[in-house]
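**Q** Take a look at work_34.pdb, PDB, C-alpha atoms, pLDDT in the B column:
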```pdb
ATOM      1  CA  MET A  16      90.921   4.273  44.510  1.00 69.00           C
ATOM      2  CA  LYS A  17      89.149   6.601  42.270  1.00 80.00           C
ATOM      3  CA  LEU A  18      87.166   9.402  43.504  1.00 78.00           C
ATOM      4  CA  ARG A  19      84.572  11.179  41.401  1.00 76.00           C
ATOM      5  CA  LEU A  20      84.241  14.789  42.056  1.00 69.00           C
ATOM      6  CA  ASN A  21      82.044  17.233  40.310  1.00 64.00           C
ATOM      7  CA  LEU A  22      83.704  20.504  40.261  1.00 65.00           C
ATOM      8  CA  SER A  23      81.049  22.275  38.245  1.00 66.00           C
ATOM      9  CA  SER A  24      78.846  24.845  39.806  1.00 67.00           C
ATOM     10  CA  ALA A  25      75.596  22.852  39.219  1.00 67.00           C
ATOM     11  CA  PRO A  26      75.223  19.132  39.605  1.00 65.00           C
ATOM     12  CA  GLN A  27      74.518  17.081  36.452  1.00 69.00           C
ATOM     13  CA  GLU A  28      70.835  16.278  35.976  1.00 77.00           C
ATOM     14  CA  ASN A  29      69.599  12.724  35.445  1.00 81.00           C
ATOM     15  CA  ASN A  30      67.629  12.674  32.167  1.00 84.00           C
ATOM     16  CA  ARG A  31      67.022   8.950  32.059  1.00 89.00           C
ATOM     17  CA  PRO A  32      63.370   9.016  33.298  1.00 89.00           C
ATOM     18  CA  PHE A  33      62.493  11.643  30.702  1.00 89.00           C
ATOM     19  CA  LEU A  34      64.212   9.732  27.914  1.00 90.00           C
ATOM     20  CA  LEU A  35      62.512   6.480  28.997  1.00 93.00           C
ATOM     21  CA  ALA A  36      59.085   8.174  29.092  1.00 93.00           C
ATOM     22  CA  ALA A  37      59.714   9.801  25.708  1.00 93.00           C
ATOM     23  CA  ALA A  38      60.741   6.452  24.208  1.00 94.00           C
ATOM     24  CA  VAL A  39      57.608   4.720  25.606  1.00 95.00           C
ATOM     25  CA  ALA A  40      55.349   7.570  24.379  1.00 95.00           C
ATOM     26  CA  GLY A  41      57.006   7.499  20.949  1.00 95.00           C
ATOM     27  CA  THR A  42      56.588   3.707  20.716  1.00 96.00           C
ATOM     28  CA  LEU A  43      52.933   3.957  21.723  1.00 96.00           C
ATOM     29  CA  SER A  44      52.426   6.766  19.204  1.00 96.00           C
ATOM     30  CA  LEU A  45      53.993   4.707  16.427  1.00 96.00           C
ATOM     31  CA  LEU A  46      51.844   1.720  17.402  1.00 96.00           C
ATOM     32  CA  ALA A  47      48.687   3.894  17.396  1.00 96.00           C
ATOM     33  CA  LEU A  48      49.726   5.360  14.034  1.00 96.00           C
ATOM     34  CA  ALA A  49      50.167   1.858  12.590  1.00 96.00           C
ATOM     35  CA  ILE A  50      46.745   0.735  13.906  1.00 96.00           C
ATOM     36  CA  LEU A  51      44.975   3.852  12.593  1.00 96.00           C
ATOM     37  CA  ALA A  52      46.717   3.589   9.223  1.00 95.00           C
ATOM     38  CA  HIS A  53      45.648  -0.044   8.944  1.00 96.00           C
ATOM     39  CA  ALA A  54      42.040   0.883   9.859  1.00 94.00           C
ATOM     40  CA  ALA A  55      42.068   3.721   7.306  1.00 93.00           C
ATOM     41  CA  VAL A  56      43.312   1.410   4.543  1.00 92.00           C
ATOM     42  CA  ARG A  57      40.652  -1.216   5.361  1.00 91.00           C
ATOM     43  CA  SER A  58      37.926   1.456   5.440  1.00 90.00           C
ATOM     44  CA  TRP A  59      39.097   2.820   2.089  1.00 89.00           C
ATOM     45  CA  GLN A  60      39.027  -0.695   0.573  1.00 87.00           C
ATOM     46  CA  ALA A  61      35.551  -1.384   1.987  1.00 84.00           C
ATOM     47  CA  ASN A  62      34.279   1.960   0.693  1.00 89.00           C
ATOM     48  CA  ARG A  63      35.796   1.236  -2.703  1.00 89.00           C
ATOM     49  CA  SER A  64      33.755  -1.988  -2.975  1.00 84.00           C
ATOM     50  CA  LEU A  65      30.641  -0.167  -1.712  1.00 87.00           C
ATOM     51  CA  ARG A  66      31.157   2.572  -4.290  1.00 90.00           C
ATOM     52  CA  ALA A  67      31.498  -0.075  -7.000  1.00 90.00           C
ATOM     53  CA  ASP A  68      28.284  -1.785  -5.815  1.00 90.00           C
ATOM     54  CA  THR A  69      26.488   1.563  -5.665  1.00 92.00           C
ATOM     55  CA  ALA A  70      27.590   2.430  -9.193  1.00 92.00           C
ATOM     56  CA  HIS A  71      26.428  -0.997 -10.414  1.00 94.00           C
ATOM     57  CA  TRP A  72      22.971  -0.600  -8.821  1.00 95.00           C
ATOM     58  CA  GLU A  73      22.597   2.967 -10.075  1.00 95.00           C
ATOM     59  CA  GLN A  74      23.309   1.686 -13.578  1.00 96.00           C
ATOM     60  CA  GLU A  75      20.664  -1.038 -13.083  1.00 95.00           C
ATOM     61  CA  ILE A  76      18.165   1.580 -11.892  1.00 96.00           C
ATOM     62  CA  ARG A  77      18.832   3.737 -14.965  1.00 96.00           C
ATOM     63  CA  ALA A  78      18.365   0.724 -17.262  1.00 95.00           C
ATOM     64  CA  ASN A  79      15.116  -0.253 -15.510  1.00 96.00           C
ATOM     65  CA  ARG A  80      13.799   3.309 -15.747  1.00 95.00           C
ATOM     66  CA  GLN A  81      14.492   3.298 -19.481  1.00 95.00           C
ATOM     67  CA  ARG A  82      12.671  -0.045 -19.827  1.00 95.00           C
ATOM     68  CA  GLN A  83       9.781   1.298 -17.765  1.00 94.00           C
ATOM     69  CA  GLN A  84       9.540   4.386 -19.951  1.00 94.00           C
ATOM     70  CA  ALA A  85       9.580   2.230 -23.094  1.00 92.00           C
ATOM     71  CA  LEU A  86       6.810   0.026 -21.667  1.00 91.00           C
ATOM     72  CA  LYS A  87       4.790   3.080 -20.675  1.00 91.00           C
ATOM     73  CA  ILE A  88       5.014   4.403 -24.225  1.00 91.00           C
ATOM     74  CA  TYR A  89       4.077   0.977 -25.597  1.00 90.00           C
ATOM     75  CA  PHE A  90       1.024   0.604 -23.342  1.00 88.00           C
ATOM     76  CA  GLN A  91      -0.194   4.055 -24.383  1.00 90.00           C
ATOM     77  CA  SER A  92      -0.151   3.083 -28.044  1.00 91.00           C
ATOM     78  CA  PRO A  93      -3.558   2.585 -29.709  1.00 91.00           C
ATOM     79  CA  PRO A  94      -3.232  -1.214 -30.256  1.00 89.00           C
ATOM     80  CA  ALA A  95      -2.216  -1.796 -26.649  1.00 89.00           C
ATOM     81  CA  ARG A  96      -5.001   0.508 -25.394  1.00 90.00           C
ATOM     82  CA  ARG A  97      -7.543  -1.559 -27.348  1.00 89.00           C
ATOM     83  CA  VAL A  98      -6.233  -4.778 -25.774  1.00 88.00           C
ATOM     84  CA  LEU A  99      -6.250  -3.243 -22.286  1.00 87.00           C
ATOM     85  CA  ASP A 100      -9.802  -1.924 -22.751  1.00 86.00           C
ATOM     86  CA  ARG A 101     -10.935  -5.330 -23.962  1.00 86.00           C
ATOM     87  CA  ALA A 102      -9.242  -7.003 -20.974  1.00 86.00           C
ATOM     88  CA  ALA A 103     -10.919  -4.559 -18.570  1.00 83.00           C
ATOM     89  CA  PHE A 104     -14.290  -5.260 -20.187  1.00 80.00           C
ATOM     90  CA  LEU A 105     -13.782  -9.023 -19.956  1.00 80.00           C
ATOM     91  CA  ASN A 106     -12.649  -8.742 -16.334  1.00 77.00           C
ATOM     92  CA  SER A 107     -15.783  -6.771 -15.491  1.00 71.00           C
ATOM     93  CA  LEU A 108     -17.892  -9.487 -17.150  1.00 70.00           C
ATOM     94  CA  ILE A 109     -16.088 -12.156 -15.163  1.00 72.00           C
ATOM     95  CA  GLY A 110     -16.590 -10.118 -11.998  1.00 65.00           C
ATOM     96  CA  GLU A 111     -20.307  -9.801 -12.700  1.00 64.00           C
ATOM     97  CA  ARG A 112     -20.602 -13.516 -13.428  1.00 66.00           C
ATOM     98  CA  SER A 113     -18.835 -14.349 -10.191  1.00 68.00           C
ATOM     99  CA  PHE A 114     -21.123 -12.089  -8.141  1.00 72.00           C
ATOM    100  CA  PRO A 115     -22.692 -14.154  -5.311  1.00 77.00           C
ATOM    101  CA  TRP A 116     -26.319 -13.792  -6.379  1.00 78.00           C
ATOM    102  CA  THR A 117     -27.632 -16.517  -4.064  1.00 81.00           C
ATOM    103  CA  LYS A 118     -25.938 -14.952  -1.040  1.00 83.00           C
ATOM    104  CA  ILE A 119     -27.251 -11.442  -1.739  1.00 82.00           C
ATOM    105  CA  PHE A 120     -30.790 -12.777  -2.208  1.00 84.00           C
ATOM    106  CA  MET A 121     -30.509 -14.622   1.126  1.00 85.00           C
ATOM    107  CA  ASP A 122     -29.232 -11.440   2.820  1.00 84.00           C
ATOM    108  CA  LEU A 123     -32.011  -9.344   1.250  1.00 84.00           C
ATOM    109  CA  GLU A 124     -34.619 -11.912   2.298  1.00 85.00           C
ATOM    110  CA  GLN A 125     -33.581 -11.421   5.924  1.00 83.00           C
ATOM    111  CA  THR A 126     -34.068  -7.644   5.660  1.00 83.00           C
ATOM    112  CA  LEU A 127     -37.351  -7.550   3.704  1.00 84.00           C
ATOM    113  CA  PRO A 128     -40.393  -6.779   5.859  1.00 85.00           C
ATOM    114  CA  ALA A 129     -43.895  -7.749   4.796  1.00 83.00           C
ATOM    115  CA  GLY A 130     -45.291  -5.686   1.943  1.00 84.00           C
ATOM    116  CA  VAL A 131     -41.886  -4.789   0.468  1.00 86.00           C
ATOM    117  CA  ARG A 132     -40.399  -6.348  -2.665  1.00 87.00           C
ATOM    118  CA  ILE A 133     -37.268  -5.890  -4.758  1.00 87.00           C
ATOM    119  CA  VAL A 134     -38.216  -4.858  -8.286  1.00 87.00           C
ATOM    120  CA  LYS A 135     -34.745  -4.509  -9.761  1.00 89.00           C
ATOM    121  CA  ILE A 136     -31.207  -5.198  -8.601  1.00 88.00           C
ATOM    122  CA  SER A 137     -28.074  -3.927 -10.366  1.00 85.00           C
ATOM    123  CA  PRO A 138     -24.671  -4.769  -8.866  1.00 83.00           C
ATOM    124  CA  ARG A 139     -21.385  -3.427 -10.135  1.00 79.00           C
ATOM    125  CA  LEU A 140     -17.869  -3.832  -8.864  1.00 74.00           C
ATOM    126  CA  VAL A 141     -16.113  -0.601  -7.929  1.00 72.00           C
ATOM    127  CA  SER A 142     -12.502  -0.901  -6.738  1.00 68.00           C
ATOM    128  CA  GLY A 143     -13.017  -4.440  -5.494  1.00 64.00           C
ATOM    129  CA  ARG A 144     -16.259  -3.597  -3.679  1.00 72.00           C
ATOM    130  CA  ALA A 145     -19.814  -4.297  -4.805  1.00 81.00           C
ATOM    131  CA  GLU A 146     -22.112  -1.329  -5.183  1.00 85.00           C
ATOM    132  CA  VAL A 147     -25.698  -2.543  -5.475  1.00 87.00           C
ATOM    133  CA  GLU A 148     -28.492  -0.374  -6.806  1.00 90.00           C
ATOM    134  CA  LEU A 149     -31.934  -1.553  -5.755  1.00 89.00           C
ATOM    135  CA  GLU A 150     -35.340  -0.512  -7.030  1.00 90.00           C
ATOM    136  CA  VAL A 151     -37.811  -1.350  -4.292  1.00 88.00           C
ATOM    137  CA  GLY A 152     -41.586  -1.333  -4.133  1.00 87.00           C
ATOM    138  CA  ALA A 153     -43.461  -1.012  -0.847  1.00 86.00           C
ATOM    139  CA  ALA A 154     -47.149  -1.229  -0.014  1.00 83.00           C
ATOM    140  CA  SER A 155     -46.840   1.624   2.507  1.00 83.00           C
ATOM    141  CA  ASP A 156     -44.487   4.209   3.929  1.00 84.00           C
ATOM    142  CA  GLU A 157     -44.179   2.127   7.108  1.00 88.00           C
ATOM    143  CA  GLY A 158     -42.898  -0.848   5.095  1.00 85.00           C
ATOM    144  CA  LYS A 159     -40.401   1.419   3.352  1.00 86.00           C
ATOM    145  CA  ILE A 160     -39.123   2.754   6.693  1.00 88.00           C
ATOM    146  CA  GLN A 161     -38.870  -0.758   8.137  1.00 89.00           C
ATOM    147  CA  PHE A 162     -36.864  -1.900   5.101  1.00 87.00           C
ATOM    148  CA  LEU A 163     -34.496   1.081   5.279  1.00 88.00           C
ATOM    149  CA  GLU A 164     -33.934   0.516   9.014  1.00 89.00           C
ATOM    150  CA  ALA A 165     -33.258  -3.193   8.403  1.00 88.00           C
ATOM    151  CA  ILE A 166     -30.717  -2.327   5.678  1.00 87.00           C
ATOM    152  CA  GLU A 167     -28.970   0.168   7.987  1.00 88.00           C
ATOM    153  CA  LYS A 168     -28.750  -2.418  10.792  1.00 87.00           C
ATOM    154  CA  SER A 169     -27.502  -5.159   8.480  1.00 86.00           C
ATOM    155  CA  LYS A 170     -23.867  -6.230   8.758  1.00 86.00           C
ATOM    156  CA  VAL A 171     -23.428  -6.898   5.032  1.00 85.00           C
ATOM    157  CA  PHE A 172     -24.934  -3.645   3.696  1.00 85.00           C
ATOM    158  CA  SER A 173     -23.467  -0.200   4.314  1.00 86.00           C
ATOM    159  CA  GLY A 174     -23.456   3.300   2.861  1.00 87.00           C
ATOM    160  CA  LEU A 175     -27.216   3.492   2.235  1.00 86.00           C
ATOM    161  CA  GLN A 176     -28.282   6.318  -0.109  1.00 87.00           C
ATOM    162  CA  VAL A 177     -31.860   6.808  -1.238  1.00 85.00           C
ATOM    163  CA  LYS A 178     -31.670   8.261  -4.732  1.00 87.00           C
ATOM    164  CA  GLN A 179     -35.259   8.554  -5.876  1.00 84.00           C
ATOM    165  CA  GLU A 180     -38.743   8.088  -4.426  1.00 85.00           C
ATOM    166  CA  ARG A 181     -42.182   8.321  -5.960  1.00 83.00           C
ATOM    167  CA  HIS A 182     -45.716   7.587  -4.750  1.00 80.00           C
ATOM    168  CA  ILE A 183     -48.083   5.673  -7.029  1.00 77.00           C
ATOM    169  CA  ASP A 184     -51.824   6.275  -6.825  1.00 74.00           C
ATOM    170  CA  GLN A 185     -52.939   3.526  -9.226  1.00 68.00           C
ATOM    171  CA  SER A 186     -55.458   1.040  -7.949  1.00 63.00           C
ATOM    172  CA  GLY A 187     -54.017  -1.869 -10.022  1.00 60.00           C
ATOM    173  CA  SER A 188     -50.589  -1.870  -8.371  1.00 67.00           C
ATOM    174  CA  SER A 189     -49.838  -3.316  -4.937  1.00 73.00           C
ATOM    175  CA  ASP A 190     -46.849  -0.978  -4.568  1.00 72.00           C
ATOM    176  CA  ARG A 191     -47.819   2.466  -3.290  1.00 80.00           C
ATOM    177  CA  VAL A 192     -44.215   3.665  -2.851  1.00 83.00           C
ATOM    178  CA  MET A 193     -41.386   3.042  -5.335  1.00 86.00           C
ATOM    179  CA  PHE A 194     -37.853   4.114  -4.446  1.00 88.00           C
ATOM    180  CA  THR A 195     -34.334   3.581  -5.707  1.00 90.00           C
ATOM    181  CA  LEU A 196     -31.374   3.243  -3.399  1.00 90.00           C
ATOM    182  CA  SER A 197     -27.729   2.261  -3.552  1.00 90.00           C
ATOM    183  CA  VAL A 198     -25.786   0.343  -0.915  1.00 89.00           C
ATOM    184  CA  TRP A 199     -22.343  -1.177  -0.573  1.00 88.00           C
ATOM    185  CA  TYR A 200     -22.504  -4.936  -0.242  1.00 83.00           C
ATOM    186  CA  THR A 201     -19.744  -6.770   1.617  1.00 79.00           C
ATOM    187  CA  ILE A 202     -18.859  -9.831  -0.427  1.00 70.00           C
ATOM    188  CA  ALA A 203     -17.745 -12.669   1.817  1.00 61.00           C
ATOM    189  CA  TRP A 204     -16.226 -15.208  -0.547  1.00 52.00           C
ATOM    190  CA  SER A 205     -16.333 -18.684   0.918  1.00 47.00           C
TER     191      SER A 205
END
```
Now that the file is in, can you turn its structure into structure tokens?

**A**
Amino acid sequence: MKLRLNLSSAPQENNRPFLLAAAVAGTLSLLALAILAHAAVRSWQANRSLRADTAHWEQEIRANRQRQQALKIYFQSPPARRVLDRAAFLNSLIGERSFPWTKIFMDLEQTLPAGVRIVKISPRLVSGRAEVELEVGAASDEGKIQFLEAIEKSKVFSGLQVKQERHIDQSGSSDRVMFTLSVWYTIAWS
């Protein structure tokens, strides 16, 4: 029979739990290191493709800016300016021809009181809106006031501005008051 005796002054310590815990912690650390390294490599690869895409689009933007600058210079040249001016003139003619004359006369007819008549009408398109200048003759100041109130209450006319007014004292004319005004007309294309 064998007997184990420890003759040393201090008993031998058991280091196995510490070594086991250190081995588990080391294994977990290595596993975490491998996972983080893999994630870092994938992120670097994804960023590399994003950087390549960004460089490609920045190059496209530079090329488009150069083309835009060249076109800007071209459209400021005298021949191109003449063509653009001619196109603007033709577009304004087309806009005037497509003005809804029948509709505006129907709308004005609803607002005209007795003794008031439209002498002259001049529409023009301004930024897609119709500004209409009217020269109006009225038999009296009351008729003029009634007409102005009817225009202000109308749903298709807005921004009323009386520009000029004069009283006529001639016996041959039925209009005693002549005035010029401008209004914005809402074009309802149907």

**Q** Rounded to one decimal in Å, what is the spacing between atom CA of A:Ala70 and atom CA of A:Lys87?

**A**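 Between these atoms lies a distance of 25.5 Å.
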
**Q** Expressed in Å to a single decimal, how great is the separation between atom CA of A:Phe33 and atom CA of A:Ala52?

**A** 27.8 Å

**Q** Selected by the PyMOL selection byres ((chain A and resi 155) around 9) in the shown coordinates: which residues, as a PDB file with C-alpha atoms, in the coordinates of the input?

**A**
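Final file, expr10.pdb:
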```pdb
ATOM      1  CA  GLY A 130     -45.291  -5.686   1.943  1.00 84.00           C
ATOM      2  CA  VAL A 131     -41.886  -4.789   0.468  1.00 86.00           C
ATOM      3  CA  GLY A 152     -41.586  -1.333  -4.133  1.00 87.00           C
ATOM      4  CA  ALA A 153     -43.461  -1.012  -0.847  1.00 86.00           C
ATOM      5  CA  ALA A 154     -47.149  -1.229  -0.014  1.00 83.00           C
ATOM      6  CA  ASP A 156     -44.487   4.209   3.929  1.00 84.00           C
ATOM      7  CA  GLU A 157     -44.179   2.127   7.108  1.00 88.00           C
ATOM      8  CA  GLY A 158     -42.898  -0.848   5.095  1.00 85.00           C
ATOM      9  CA  LYS A 159     -40.401   1.419   3.352  1.00 86.00           C
ATOM     10  CA  ILE A 160     -39.123   2.754   6.693  1.00 88.00           C
ATOM     11  CA  ASP A 190     -46.849  -0.978  -4.568  1.00 72.00           C
ATOM     12  CA  ARG A 191     -47.819   2.466  -3.290  1.00 80.00           C
ATOM     13  CA  VAL A 192     -44.215   3.665  -2.851  1.00 83.00           C
TER      14      VAL A 192
END
```

**Q** Would you work out the distance separating atom CA of A:Ala95 from atom CA of A:Glu75, expressed in Å to one decimal?

**A** 26.6 Å

**Q** When you count only C-alpha atoms, which of these residues is closest to A:Thr201: A:Ala103, A:Ala55, A:Ile183, A:Val171?

**A**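 Ranked by minimum distance to A:Thr201, first place goes to A:Val171.
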
**Q** Using all atoms listed in the file and a cutoff of 12 Å, can you tell me which residues are near (-24.2, -9.5, -9.9) in the file's coordinates, and write them out as a list in words?

**A** Ser107, Leu108, Ile109, Gly110, Glu111, Arg112, Ser113, Phe114, Pro115, Trp116, Thr117, Lys118, Ile119, Phe120, Lys135, Ile136, Ser137, Pro138, Arg139, Leu140, Arg144, Ala145, Glu146, Val147, Glu148, Leu149, Tyr200 and Ile202 of chain A

**Q** I need the output of the PyMOL selection byres ((chain A and resi 166-168) around 12) for this file as a list in words; which residues are they?

**A**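 In the shown coordinates, the PyMOL selection byres ((chain A and resi 166-168) around 12) covers Asp122, Leu123, Glu124, Gln125, Thr126, Leu127, Pro128, Leu149, Lys159, Ile160, Gln161, Phe162, Leu163, Glu164, Ala165, Ser169, Lys170, Val171, Phe172, Ser173, Gly174, Leu175, Gln176, Val177, Leu196, Ser197, Val198, Trp199 and Tyr200 of chain A.
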
**Q** To test the calculation: enclose all listed atoms of stretch 133-145 of chain A in a box whose edges run along x, y and z, add 5 Å on each side, then state centre and edge lengths in Å to one decimal, as AutoDock Vina command-line options.

**A**
```
--center_x -25.4 --center_y -3.2 --center_z -7.0 --size_x 35.7 --size_y 15.3 --size_z 16.7
```

**Q** For A:Arg132, which residue out of A:Glu180, A:Asn106, A:Leu45, A:Ser189 is the nearest one, using only C-alpha atoms?

**A**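 For A:Arg132, the nearest of the candidates is A:Ser189.
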